[in-house]
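So this block is start_2.cif, mmCIF, C-alpha atoms:
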```
data_data
#
loop_
_atom_site.label_atom_id
_atom_site.label_comp_id
_atom_site.auth_asym_id
_atom_site.auth_seq_id
_atom_site.Cartn_x
_atom_site.Cartn_y
_atom_site.Cartn_z
CA MET A 1 -28.78 31.96 2.58
CA SER A 2 -27.83 29.19 5.05
CA LYS A 3 -24.33 27.75 5.29
CA ARG A 4 -25.80 24.33 4.54
CA PHE A 5 -27.37 25.59 1.35
CA VAL A 6 -24.14 27.24 0.22
CA PHE A 7 -22.23 24.07 1.06
CA GLN A 8 -24.61 22.02 -1.06
CA ILE A 9 -24.26 24.40 -4.01
CA VAL A 10 -20.45 24.22 -3.85
CA THR A 11 -20.56 20.43 -3.53
CA ASN A 12 -22.90 20.13 -6.51
CA ILE A 13 -20.61 22.30 -8.63
CA MET A 14 -17.65 20.12 -7.70
CA LYS A 15 -19.58 16.93 -8.38
CA LYS A 16 -20.74 18.24 -11.75
CA TYR A 17 -17.16 19.10 -12.70
CA ILE A 18 -16.00 15.57 -11.84
CA GLU A 19 -18.88 13.96 -13.73
CA GLU A 20 -18.27 16.14 -16.79
CA ASN A 21 -14.61 15.07 -16.78
CA GLN A 22 -15.23 11.36 -16.44
CA SER A 23 -14.19 10.79 -20.05
CA ASN A 24 -10.89 12.61 -19.42
CA MET A 25 -10.39 10.65 -16.23
CA PHE A 26 -10.69 7.34 -18.03
CA THR A 27 -8.49 8.51 -20.87
CA LEU A 28 -5.78 9.12 -18.28
CA LEU A 29 -6.54 5.82 -16.57
CA LYS A 30 -6.18 3.95 -19.86
CA ARG A 31 -2.83 5.61 -20.43
CA LEU A 32 -1.58 4.62 -16.98
CA VAL A 33 -2.87 1.04 -17.09
CA ASN A 34 -1.48 0.46 -20.57
CA GLN A 35 2.00 1.19 -19.27
CA ASP A 36 3.36 -1.94 -17.58
CA SER A 37 4.92 -1.04 -14.24
CA GLY A 38 5.79 -4.19 -12.34
CA SER A 39 7.96 -3.62 -9.29
CA ASP A 40 10.99 -5.10 -11.05
CA TYR A 41 10.41 -3.13 -14.28
CA LYS A 42 12.17 0.15 -13.53
CA GLU A 43 11.75 1.56 -17.01
CA GLY A 44 7.99 1.03 -16.91
CA VAL A 45 7.53 2.47 -13.42
CA ASP A 46 9.55 5.52 -14.41
CA LYS A 47 7.32 6.03 -17.46
CA VAL A 48 4.27 6.02 -15.18
CA GLY A 49 6.12 8.56 -13.03
CA LYS A 50 6.63 10.80 -16.07
CA ILE A 51 2.91 10.69 -16.88
CA LEU A 52 2.02 11.62 -13.31
CA ALA A 53 4.67 14.34 -13.15
CA GLN A 54 3.23 16.03 -16.24
CA GLU A 55 -0.25 16.02 -14.71
CA PHE A 56 0.86 17.54 -11.42
CA GLU A 57 3.15 20.12 -13.01
CA GLN A 58 0.14 21.45 -14.93
CA LEU A 59 -1.46 22.13 -11.53
CA ASP A 60 1.52 24.19 -10.31
CA PHE A 61 3.04 21.38 -8.31
CA VAL A 62 6.77 20.81 -8.07
CA VAL A 63 7.77 17.19 -8.68
CA LYS A 64 11.01 15.97 -7.14
CA GLU A 65 12.41 12.64 -8.31
CA VAL A 66 14.16 10.48 -5.73
CA PRO A 67 16.42 8.34 -7.96
CA GLN A 68 16.73 4.58 -7.43
CA GLN A 69 19.13 2.20 -9.12
CA ILE A 70 17.03 -0.96 -9.29
CA THR A 71 13.42 0.00 -8.66
CA GLY A 72 11.64 2.96 -10.22
CA ASN A 73 12.32 6.46 -8.97
CA HIS A 74 10.08 7.75 -6.18
CA LEU A 75 8.26 11.07 -6.53
CA VAL A 76 7.73 13.75 -3.86
CA ILE A 77 5.14 16.29 -4.99
CA GLN A 78 3.95 19.51 -3.43
CA HIS A 79 2.55 22.85 -4.58
CA LYS A 80 5.08 25.49 -5.62
CA ASP A 81 3.72 27.85 -2.94
CA ALA A 82 3.49 25.26 -0.15
CA VAL A 83 5.25 26.24 3.07
CA ALA A 84 4.46 23.62 5.71
CA PRO A 85 1.87 21.17 4.35
CA SER A 86 0.21 19.18 7.12
CA VAL A 87 -1.46 16.38 5.16
CA LEU A 88 0.58 13.56 3.63
CA LEU A 89 -0.86 11.42 0.82
CA VAL A 90 0.85 8.17 -0.14
CA ALA A 91 0.33 6.14 -3.33
CA HIS A 92 2.39 3.63 -5.28
CA MET A 93 3.15 3.31 -8.98
CA ASP A 94 4.24 -0.32 -9.14
CA THR A 95 2.05 -3.36 -9.78
CA VAL A 96 2.54 -7.09 -9.31
CA PHE A 97 2.40 -7.74 -13.05
CA GLY A 98 5.35 -8.34 -15.37
CA SER A 99 6.87 -6.12 -18.02
CA ASN A 100 4.90 -7.63 -20.90
CA THR A 101 1.39 -7.93 -19.49
CA VAL A 102 -0.40 -5.16 -21.36
CA SER A 103 0.33 -6.73 -24.76
CA THR A 104 -2.10 -9.55 -23.97
CA TRP A 105 -4.30 -7.85 -21.37
CA PRO A 106 -4.75 -4.14 -22.12
CA PHE A 107 -7.14 -1.70 -20.49
CA SER A 108 -10.78 -2.34 -21.32
CA ILE A 109 -14.26 -1.34 -20.18
CA ASN A 110 -17.16 -3.75 -19.93
CA GLY A 111 -20.33 -2.15 -18.65
CA ASP A 112 -19.59 -0.53 -15.28
CA LEU A 113 -16.27 -2.33 -14.86
CA ALA A 114 -12.82 -1.35 -16.06
CA HIS A 115 -10.17 -4.05 -16.41
CA GLY A 116 -6.42 -4.19 -16.87
CA PRO A 117 -3.19 -4.74 -14.93
CA GLY A 118 -3.19 -2.46 -11.90
CA VAL A 119 -6.49 -0.77 -12.78
CA TYR A 120 -7.70 -1.32 -9.20
CA ASP A 121 -4.39 -1.61 -7.35
CA MET A 122 -3.85 1.21 -7.74
CA LYS A 123 -3.88 3.27 -10.92
CA GLY A 124 -7.53 4.14 -10.40
CA SER A 125 -6.38 5.91 -7.25
CA HIS A 126 -3.88 7.98 -9.26
CA VAL A 127 -6.73 9.38 -11.31
CA THR A 128 -9.00 10.10 -8.34
CA LEU A 129 -6.20 12.00 -6.63
CA ILE A 130 -5.37 14.15 -9.67
CA TYR A 131 -9.00 14.99 -10.39
CA ALA A 132 -9.80 15.70 -6.76
CA LEU A 133 -7.17 18.44 -6.95
CA LYS A 134 -8.51 19.67 -10.28
CA ALA A 135 -12.01 19.84 -8.80
CA LEU A 136 -10.72 22.03 -5.95
CA ILE A 137 -9.03 24.35 -8.44
CA ASN A 138 -12.20 24.54 -10.52
CA ASN A 139 -14.10 25.53 -7.37
CA GLY A 140 -11.72 28.42 -6.69
CA GLU A 141 -10.15 26.54 -3.80
CA ALA A 142 -6.61 26.13 -5.12
CA ASP A 143 -5.22 27.28 -1.76
CA MET A 144 -6.17 23.87 -0.35
CA LEU A 145 -3.50 22.30 -2.57
CA LYS A 146 -0.80 24.09 -0.60
CA ASN A 147 -1.59 21.99 2.48
CA ILE A 148 -0.68 18.59 1.02
CA VAL A 149 2.45 16.71 0.11
CA ILE A 150 2.26 13.57 -2.01
CA ILE A 151 4.57 10.57 -2.26
CA PHE A 152 4.38 8.16 -5.18
CA ASN A 153 6.68 5.24 -4.43
CA SER A 154 7.86 2.51 -6.76
CA ASP A 155 8.23 -0.58 -4.59
CA GLU A 156 5.14 -0.99 -2.40
CA GLU A 157 4.26 -4.38 -3.84
CA ILE A 158 7.61 -5.80 -2.70
CA GLY A 159 7.49 -4.35 0.81
CA SER A 160 8.75 -0.78 0.15
CA PRO A 161 12.41 -1.59 0.88
CA THR A 162 13.76 1.63 -0.68
CA SER A 163 10.83 3.95 0.06
CA ARG A 164 10.12 3.25 3.72
CA ASN A 165 12.70 5.75 4.95
CA LEU A 166 11.36 8.37 2.55
CA ILE A 167 7.77 7.88 3.74
CA GLU A 168 8.78 8.05 7.39
CA LYS A 169 10.92 11.14 6.79
CA MET A 170 8.13 12.98 4.99
CA ALA A 171 5.59 11.97 7.65
CA VAL A 172 7.42 13.73 10.49
CA GLY A 173 5.33 16.59 11.82
CA LYS A 174 2.32 15.85 9.63
CA ASN A 175 -1.16 16.18 11.08
CA CYS A 176 -2.43 13.07 9.30
CA CYS A 177 -1.76 10.65 6.45
CA LEU A 178 -4.18 9.56 3.71
CA CYS A 179 -3.16 6.38 1.90
CA MET A 180 -4.58 5.84 -1.55
CA GLU A 181 -4.83 2.06 -1.68
CA PRO A 182 -8.18 1.13 -3.23
CA ALA A 183 -11.30 0.64 -1.14
CA ARG A 184 -12.37 -2.89 -0.26
CA ALA A 185 -14.86 -4.58 -2.58
CA ASN A 186 -17.70 -3.43 -0.30
CA GLY A 187 -16.43 0.15 -0.32
CA ALA A 188 -14.96 0.06 3.18
CA LEU A 189 -11.97 2.12 4.28
CA VAL A 190 -9.02 0.41 5.93
CA SER A 191 -8.32 1.41 9.53
CA GLY A 192 -6.03 -1.46 10.46
CA ARG A 193 -3.54 -3.76 8.76
CA ARG A 194 -1.56 -6.72 9.92
CA GLY A 195 2.17 -6.32 10.06
CA GLY A 196 4.32 -8.78 8.22
CA GLY A 197 7.72 -10.04 7.38
CA GLY A 198 9.57 -12.92 5.87
CA TYR A 199 12.52 -15.15 6.58
CA VAL A 200 14.62 -17.57 4.61
CA ILE A 201 15.87 -20.40 6.80
CA LYS A 202 18.89 -22.20 5.33
CA VAL A 203 20.09 -25.55 6.62
CA TYR A 204 23.51 -26.88 5.64
CA GLY A 205 24.24 -30.61 6.03
CA LYS A 206 26.71 -33.07 4.57
CA ALA A 207 26.19 -35.04 1.38
CA ALA A 208 26.79 -38.80 1.29
CA HIS A 209 25.63 -41.82 -0.69
CA ALA A 210 22.26 -42.82 0.79
CA GLY A 211 22.95 -46.53 0.26
CA ALA A 212 26.72 -47.03 0.53
CA ALA A 213 27.62 -44.58 3.32
CA PRO A 214 24.59 -43.00 4.99
CA GLN A 215 26.54 -42.75 8.26
CA ASP A 216 28.82 -40.17 6.62
CA GLY A 217 26.02 -37.76 5.84
CA ALA A 218 24.00 -35.14 7.72
CA ASN A 219 20.53 -34.74 6.21
CA ALA A 220 19.57 -31.07 5.91
CA ILE A 221 16.01 -31.98 4.90
CA ALA A 222 15.52 -34.06 8.04
CA GLU A 223 16.72 -31.12 10.12
CA ILE A 224 14.37 -28.65 8.44
CA ALA A 225 11.46 -31.07 8.95
CA TYR A 226 11.85 -30.72 12.73
CA LYS A 227 11.99 -26.96 12.40
CA ILE A 228 8.94 -26.72 10.14
CA ILE A 229 6.77 -28.47 12.72
CA LYS A 230 7.90 -26.03 15.40
CA LEU A 231 7.43 -23.04 13.10
CA GLN A 232 3.85 -24.02 12.35
CA GLU A 233 3.18 -24.37 16.07
CA LEU A 234 3.80 -20.63 16.43
CA ASN A 235 0.43 -19.91 14.81
CA ASP A 236 -2.11 -18.27 17.11
CA LEU A 237 -4.95 -17.05 14.91
CA ALA A 238 -7.00 -15.91 17.91
CA LYS A 239 -4.29 -13.32 18.61
CA GLY A 240 -3.83 -12.43 14.96
CA ILE A 241 -0.53 -14.32 14.60
CA SER A 242 0.05 -16.47 11.54
CA VAL A 243 3.20 -18.27 10.46
CA ASN A 244 3.31 -20.01 7.11
CA VAL A 245 6.11 -22.07 5.56
CA ASP A 246 5.32 -21.45 1.94
CA VAL A 247 8.27 -22.48 -0.28
CA ILE A 248 10.92 -25.16 0.16
CA HIS A 249 13.95 -26.03 -1.98
CA GLY A 250 16.52 -28.73 -1.27
CA GLY A 251 18.16 -32.02 -2.13
CA THR A 252 19.87 -33.11 -5.33
CA ALA A 253 18.98 -36.76 -6.07
CA ALA A 254 17.09 -39.72 -4.65
CA ASN A 255 20.24 -41.57 -3.62
CA VAL A 256 22.04 -38.59 -2.05
CA ILE A 257 21.66 -37.37 1.51
CA ALA A 258 20.72 -33.73 1.17
CA ASP A 259 23.45 -31.29 2.10
CA TYR A 260 21.30 -28.16 1.70
CA VAL A 261 17.70 -27.02 2.01
CA GLU A 262 15.98 -23.69 2.48
CA VAL A 263 12.44 -22.64 3.32
CA ASN A 264 10.62 -19.33 3.08
CA VAL A 265 8.57 -18.36 6.11
CA ASP A 266 5.85 -15.70 5.97
CA ILE A 267 4.66 -14.11 9.22
CA ARG A 268 1.68 -11.81 9.91
CA THR A 269 0.91 -10.05 13.17
CA SER A 270 -1.78 -7.72 14.50
CA LYS A 271 0.31 -6.11 17.24
CA PHE A 272 3.79 -4.66 17.14
CA GLU A 273 5.06 -6.68 20.10
CA HIS A 274 4.05 -9.93 18.42
CA GLY A 275 6.60 -9.35 15.67
CA GLU A 276 9.46 -9.00 18.11
CA MET A 277 8.28 -12.09 19.99
CA LEU A 278 8.06 -14.17 16.81
CA GLU A 279 11.51 -13.13 15.66
CA LYS A 280 13.02 -14.32 18.93
CA LYS A 281 11.16 -17.64 18.79
CA ILE A 282 12.13 -18.28 15.17
CA ALA A 283 15.76 -17.50 16.02
CA GLN A 284 15.62 -20.01 18.87
CA ILE A 285 14.17 -22.69 16.60
CA CYS A 286 17.04 -22.08 14.19
CA LYS A 287 19.63 -22.50 16.96
CA GLU A 288 18.35 -25.92 17.97
CA VAL A 289 20.09 -28.89 16.30
CA HIS A 290 18.18 -32.14 15.82
CA VAL A 291 20.40 -33.78 13.22
CA PRO A 292 24.07 -33.76 14.25
CA GLY A 293 26.36 -32.26 11.64
CA THR A 294 23.88 -29.66 10.38
CA ARG A 295 23.93 -25.91 10.89
CA THR A 296 21.26 -23.30 10.24
CA GLU A 297 21.20 -19.70 9.06
CA MET A 298 18.27 -17.30 9.21
CA VAL A 299 17.93 -14.14 7.09
CA GLY A 300 15.10 -11.64 6.77
CA GLY A 301 12.95 -9.74 9.21
CA ILE A 302 9.83 -7.66 9.74
CA ARG A 303 9.11 -5.63 6.60
CA ARG A 304 6.10 -3.72 7.89
CA PRO A 305 4.79 -3.06 11.40
CA PRO A 306 1.08 -3.59 11.98
CA MET A 307 -1.27 -0.64 11.46
CA GLU A 308 -3.10 -0.56 14.78
CA LYS A 309 -6.31 1.37 15.26
CA ASN A 310 -5.71 4.07 17.86
CA GLU A 311 -7.09 7.38 19.09
CA GLY A 312 -5.67 9.30 16.14
CA THR A 313 -7.13 6.82 13.68
CA VAL A 314 -10.56 7.17 15.24
CA LEU A 315 -10.33 10.97 15.11
CA LEU A 316 -9.47 10.90 11.40
CA LEU A 317 -12.18 8.33 10.72
CA GLU A 318 -14.77 10.56 12.38
CA ARG A 319 -13.77 13.41 10.07
CA ILE A 320 -14.02 11.20 6.98
CA TYR A 321 -17.43 9.93 8.06
CA GLU A 322 -18.56 13.50 8.63
CA VAL A 323 -17.48 14.51 5.12
CA SER A 324 -19.01 11.44 3.49
CA LYS A 325 -22.37 12.05 5.13
CA GLU A 326 -22.31 15.67 4.02
CA ILE A 327 -22.02 14.58 0.41
CA GLY A 328 -24.65 11.89 0.74
CA PHE A 329 -23.21 8.46 1.43
CA ASP A 330 -22.18 6.31 4.37
CA LEU A 331 -18.88 4.55 4.86
CA LYS A 332 -17.52 1.89 7.16
CA ASP A 333 -14.04 0.73 8.00
CA VAL A 334 -12.39 -2.67 8.32
CA SER A 335 -9.06 -4.22 9.19
CA SER A 336 -7.14 -5.90 6.39
CA GLY A 337 -4.86 -8.92 6.54
CA GLY A 338 -2.64 -7.49 3.82
CA GLY A 339 0.23 -5.09 4.38
CA GLY A 340 0.60 -1.54 3.11
CA ASP A 341 2.55 1.68 3.48
CA ALA A 342 -0.06 3.03 5.90
CA SER A 343 1.60 0.85 8.54
CA PHE A 344 4.73 3.00 8.52
CA THR A 345 3.00 6.28 9.32
CA ALA A 346 0.56 4.66 11.75
CA ALA A 347 3.48 3.15 13.69
CA MET A 348 4.89 6.68 14.07
CA GLY A 349 1.67 7.79 15.76
CA ILE A 350 0.40 9.76 12.75
CA PRO A 351 -3.39 9.44 12.33
CA THR A 352 -3.64 7.32 9.18
CA ILE A 353 -6.45 5.91 7.08
CA ASP A 354 -6.07 3.70 4.02
CA GLY A 355 -8.42 2.50 1.30
CA LEU A 356 -9.40 5.96 0.03
CA GLY A 357 -9.21 4.94 -3.62
CA PRO A 358 -12.12 3.73 -5.76
CA ILE A 359 -13.91 0.40 -5.36
CA GLY A 360 -12.98 -2.79 -7.17
CA GLY A 361 -11.68 -6.27 -6.54
CA ASN A 362 -9.64 -9.34 -7.53
CA ALA A 363 -6.38 -7.45 -7.05
CA HIS A 364 -3.19 -9.11 -8.29
CA SER A 365 -5.05 -11.37 -10.73
CA GLU A 366 -6.16 -11.27 -14.35
CA LYS A 367 -9.71 -10.75 -13.05
CA GLU A 368 -8.80 -7.42 -11.44
CA TYR A 369 -11.52 -4.81 -11.94
CA LEU A 370 -12.52 -1.28 -11.02
CA GLU A 371 -16.09 -0.09 -10.53
CA ILE A 372 -16.49 2.90 -12.83
CA SER A 373 -19.42 4.30 -10.82
CA SER A 374 -17.23 4.55 -7.71
CA VAL A 375 -14.65 6.83 -9.30
CA THR A 376 -16.79 9.99 -9.21
CA GLU A 377 -17.84 9.32 -5.62
CA ARG A 378 -14.31 8.69 -4.35
CA THR A 379 -12.90 11.67 -6.22
CA LEU A 380 -15.50 13.94 -4.64
CA LEU A 381 -14.87 12.45 -1.20
CA LEU A 382 -11.13 13.02 -1.47
CA ALA A 383 -11.53 16.60 -2.67
CA LYS A 384 -13.90 17.46 0.17
CA LEU A 385 -11.68 15.66 2.70
CA ILE A 386 -8.57 17.58 1.64
CA LYS A 387 -10.53 20.81 1.99
CA SER A 388 -11.89 19.82 5.41
CA LEU A 389 -8.46 18.88 6.77
CA SER A 390 -6.99 22.12 5.43
CA VAL A 391 -9.69 24.45 6.77
CA LYS A 392 -10.02 22.61 10.07
CA PRO A 393 -6.97 20.49 10.97
CA LEU A 394 -7.40 17.55 13.31
CA GLN A 395 -7.21 18.57 16.95
CA LEU A 396 -4.78 16.05 18.39
CA ASN A 397 -4.25 15.43 22.09
CA GLU A 398 -0.52 15.18 21.61
CA VAL A 399 2.15 16.33 19.20
CA TYR A 400 3.29 13.60 16.83
CA ALA A 401 6.91 13.73 15.82
#
```

The structure given in the file should be rewritten as structure tokens.
Amino acid sequence: MSKRFVFQIVTNIMKKYIEENQSNMFTLLKRLVNQDSGSDYKEGVDKVGKILAQEFEQLDFVVKEVPQQITGNHLVIQHKDAVAPSVLLVAHMDTVFGSNTVSTWPFSINGDLAHGPGVYDMKGSHVTLIYALKALINNGEADMLKNIVIIFNSDEEIGSPTSRNLIEKMAVGKNCCLCMEPARANGALVSGRRGGGGYVIKVYGKAAHAGAAPQDGANAIAEIAYKIIKLQELNDLAKGISVNVDVIHGGTAANVIADYVEVNVDIRTSKFEHGEMLEKKIAQICKEVHVPGTRTEMVGGIRRPPMEKNEGTVLLLERIYEVSKEIGFDLKDVSSGGGGDASFTAAMGIPTIDGLGPIGGNAHSEKEYLEISSVTERTLLLAKLIKSLSVKPLQLNEVYA
């Protein structure tokens, strides 16, 4: 009996198990989606964490809570018999929706589409991960579970301010990182992401009556107007640099010279060095004074480095493509303009691929959807990928630390 034939039999058994459990998968998905878990709703995120912890504990995983005061608690999960797992998986529990969304927009299924807050980004990925592990156990391959460590964080949608250090700490020494953000609408994986950050620029002036004593004032809005023009001139889309002044607040009344104004500035970059360059240029713009009597403060910084496609990324992509072809479908990869936790591990030199979750679209809106038919396929892909990376680790040209 050929190895190929045996492989196909094992794959078919695994696929059959996943297909037979589709009803259970969507029961779990409904439970997760119908628990609001906006980034600022700690209680809700922690309830999602409890649901996930119960699922993993049934598979002989140990779930460690990393307590947080404001955001939900993070989870670090690994098999009770794991010694030195080499594959890191990263997923997030929070959504962009508020604490009372489910009451008016609960989980639903319409044909081949599932709907609900966070169904695509990224509670569908929670289910594919859990059932990929169950499929391995059902196939008598539970040993593969000892080679992974999983992080579920609670604040990805707001830039991962409390979980970044945890992700970077857990990534040290890992052979690769699989990030469970959902696939693009066309099914593509994500091999690159733009880095990003944000600044609040505050200008302080001096209030005065606009008619009776304008000479006594210093107009903060006039000062910020000069700065906004210079900020927008920093855009260089050909190089993947974008700067956007998106929110402005200031002034008190029509007859008062404004003594305060602030603007929010969003920046996106495709290369690490561009972020450092932009920060210096924005700081210089803030130092310049155009309206005497005003002063400017700048707060904020780079929240995520860019995820740049490198040799390690290509090596991991080749393995994923190899696995996908073995189970009968082709994949492609794209770069995304949005940020994600994959940027942190990629910046450390860890081979990282994102977008391994199921297919859907319209994330962060009330039209968000998940393609039901993609769940089986992505669950099977993840199970086979975990096995492949456990049996045959990536052969890297250098040691990542």

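Evaluated on this file, the PyMOL selection byres ((chain A and resi 139-142) around 9) matches A:Val10, A:Ile13, A:Met14, A:Tyr17, A:Leu133, A:Lys134, A:Ala135, A:Leu136, A:Ile137, A:Asn138, A:Asp143, A:Met144, A:Leu145, A:Lys146, A:Lys387.
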
Shell around range 54-71 of chain A at 6 Å using only C-alpha atoms, local window under 5 positions removed, as a list in words
Lys42, Val76, Ile77, Gln78, His79 and Lys80 of chain A

Check the smallest atom-to-atom distance from each of A:Gly328, A:Gly173, A:Gly159, A:Gly49 to Pro85 in chain A using all atoms listed in the file, then report the winner.
A:Gly173

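Evaluated against the shown file, the PyMOL selection byres ((chain A and resi 109) around 10) gives Phe26, Lys30, Phe107, Ser108, Asn110, Gly111, Asp112, Leu113, Ala114, His115, Gly116, Tyr369, Leu370, Glu371 and Ile372 of chain A.
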
File dump, residues just selected, C-alpha atoms, as a tab-separated table (two decimals), in the frame of the given file:
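Contents of the output file result-v2.tsv:
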```
chain	number	residue	atom	x	y	z
A	26	PHE	CA	-10.69	7.34	-18.03
A	30	LYS	CA	-6.18	3.95	-19.86
A	107	PHE	CA	-7.14	-1.70	-20.49
A	108	SER	CA	-10.78	-2.34	-21.32
A	110	ASN	CA	-17.16	-3.75	-19.93
A	111	GLY	CA	-20.33	-2.15	-18.65
A	112	ASP	CA	-19.59	-0.53	-15.28
A	113	LEU	CA	-16.27	-2.33	-14.86
A	114	ALA	CA	-12.82	-1.35	-16.06
A	115	HIS	CA	-10.17	-4.05	-16.41
A	116	GLY	CA	-6.42	-4.19	-16.87
A	369	TYR	CA	-11.52	-4.81	-11.94
A	370	LEU	CA	-12.52	-1.28	-11.02
A	371	GLU	CA	-16.09	-0.09	-10.53
A	372	ILE	CA	-16.49	2.90	-12.83
```

How far is it from CA of Ser86 in chain A to CA of Val149 in chain A, in Å with one decimal?
7.8 Å

Please tabulate, as CSV, the residues of range 51-130 of chain A that come within 10 Å of range 339-345 of chain A, each with its closest pair of atoms and the distance in Å to one decimal, counting all atoms listed in the file and ordering rows by chain, then residue number upward.
```
residue,atom,partner,partner_atom,distance
A:Leu88,CA,A:Thr345,CA,9.6
A:Leu89,CA,A:Ala342,CA,9.8
A:Val90,CA,A:Asp341,CA,7.6
A:Ala91,CA,A:Asp341,CA,8.4
A:His92,CA,A:Asp341,CA,9.0
```

Could those residues be written to a file, using C-alpha atoms, as a CSV table (one decimal), in the frame of the given file?
```csv
chain,number,residue,atom,x,y,z
A,88,LEU,CA,0.6,13.6,3.6
A,89,LEU,CA,-0.9,11.4,0.8
A,90,VAL,CA,0.8,8.2,-0.1
A,91,ALA,CA,0.3,6.1,-3.3
A,92,HIS,CA,2.4,3.6,-5.3
```

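Shell of Glu19 in chain A at 10 Å, with all atoms listed in the file counted and residues fewer than 4 places along the chain excluded, is Ile13, Met14, Lys15, Ser23, Asn24, Met25, Val375, Thr376, Glu377, Thr379 and Leu380 of chain A.
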
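CA of His126 in chain A is found 22.9 Å from CA of Asp330 in chain A.
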
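We find CA of Pro117 in chain A and CA of Gly300 in chain A to be spaced 29.2 Å apart.
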
Applied to this file, what does the PyMOL selection byres ((chain A and resi 97) around 12) return in terms of residues, put as JSON, numbers by chain?
{"A": [33, 34, 35, 36, 37, 38, 39, 40, 41, 44, 45, 93, 94, 95, 96, 98, 99, 100, 101, 102, 103, 104, 105, 116, 117, 118, 119, 121, 157, 158, 363, 364, 365, 366, 368]}

C-alpha atoms of the current selection, written as a short mmCIF file (atom, residue, chain, number, x, y, z; two decimals), in the coordinates of the input:
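The result, stored in again_12.cif:
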```cif
data_model
loop_
_atom_site.label_atom_id
_atom_site.label_comp_id
_atom_site.auth_asym_id
_atom_site.auth_seq_id
_atom_site.Cartn_x
_atom_site.Cartn_y
_atom_site.Cartn_z
CA VAL A 33 -2.87 1.04 -17.09
CA ASN A 34 -1.48 0.46 -20.57
CA GLN A 35 2.00 1.19 -19.27
CA ASP A 36 3.36 -1.94 -17.58
CA SER A 37 4.92 -1.04 -14.24
CA GLY A 38 5.79 -4.19 -12.34
CA SER A 39 7.96 -3.62 -9.29
CA ASP A 40 10.99 -5.10 -11.05
CA TYR A 41 10.41 -3.13 -14.28
CA GLY A 44 7.99 1.03 -16.91
CA VAL A 45 7.53 2.47 -13.42
CA MET A 93 3.15 3.31 -8.98
CA ASP A 94 4.24 -0.32 -9.14
CA THR A 95 2.05 -3.36 -9.78
CA VAL A 96 2.54 -7.09 -9.31
CA GLY A 98 5.35 -8.34 -15.37
CA SER A 99 6.87 -6.12 -18.02
CA ASN A 100 4.90 -7.63 -20.90
CA THR A 101 1.39 -7.93 -19.49
CA VAL A 102 -0.40 -5.16 -21.36
CA SER A 103 0.33 -6.73 -24.76
CA THR A 104 -2.10 -9.55 -23.97
CA TRP A 105 -4.30 -7.85 -21.37
CA GLY A 116 -6.42 -4.19 -16.87
CA PRO A 117 -3.19 -4.74 -14.93
CA GLY A 118 -3.19 -2.46 -11.90
CA VAL A 119 -6.49 -0.77 -12.78
CA ASP A 121 -4.39 -1.61 -7.35
CA GLU A 157 4.26 -4.38 -3.84
CA ILE A 158 7.61 -5.80 -2.70
CA ALA A 363 -6.38 -7.45 -7.05
CA HIS A 364 -3.19 -9.11 -8.29
CA SER A 365 -5.05 -11.37 -10.73
CA GLU A 366 -6.16 -11.27 -14.35
CA GLU A 368 -8.80 -7.42 -11.44
#
```
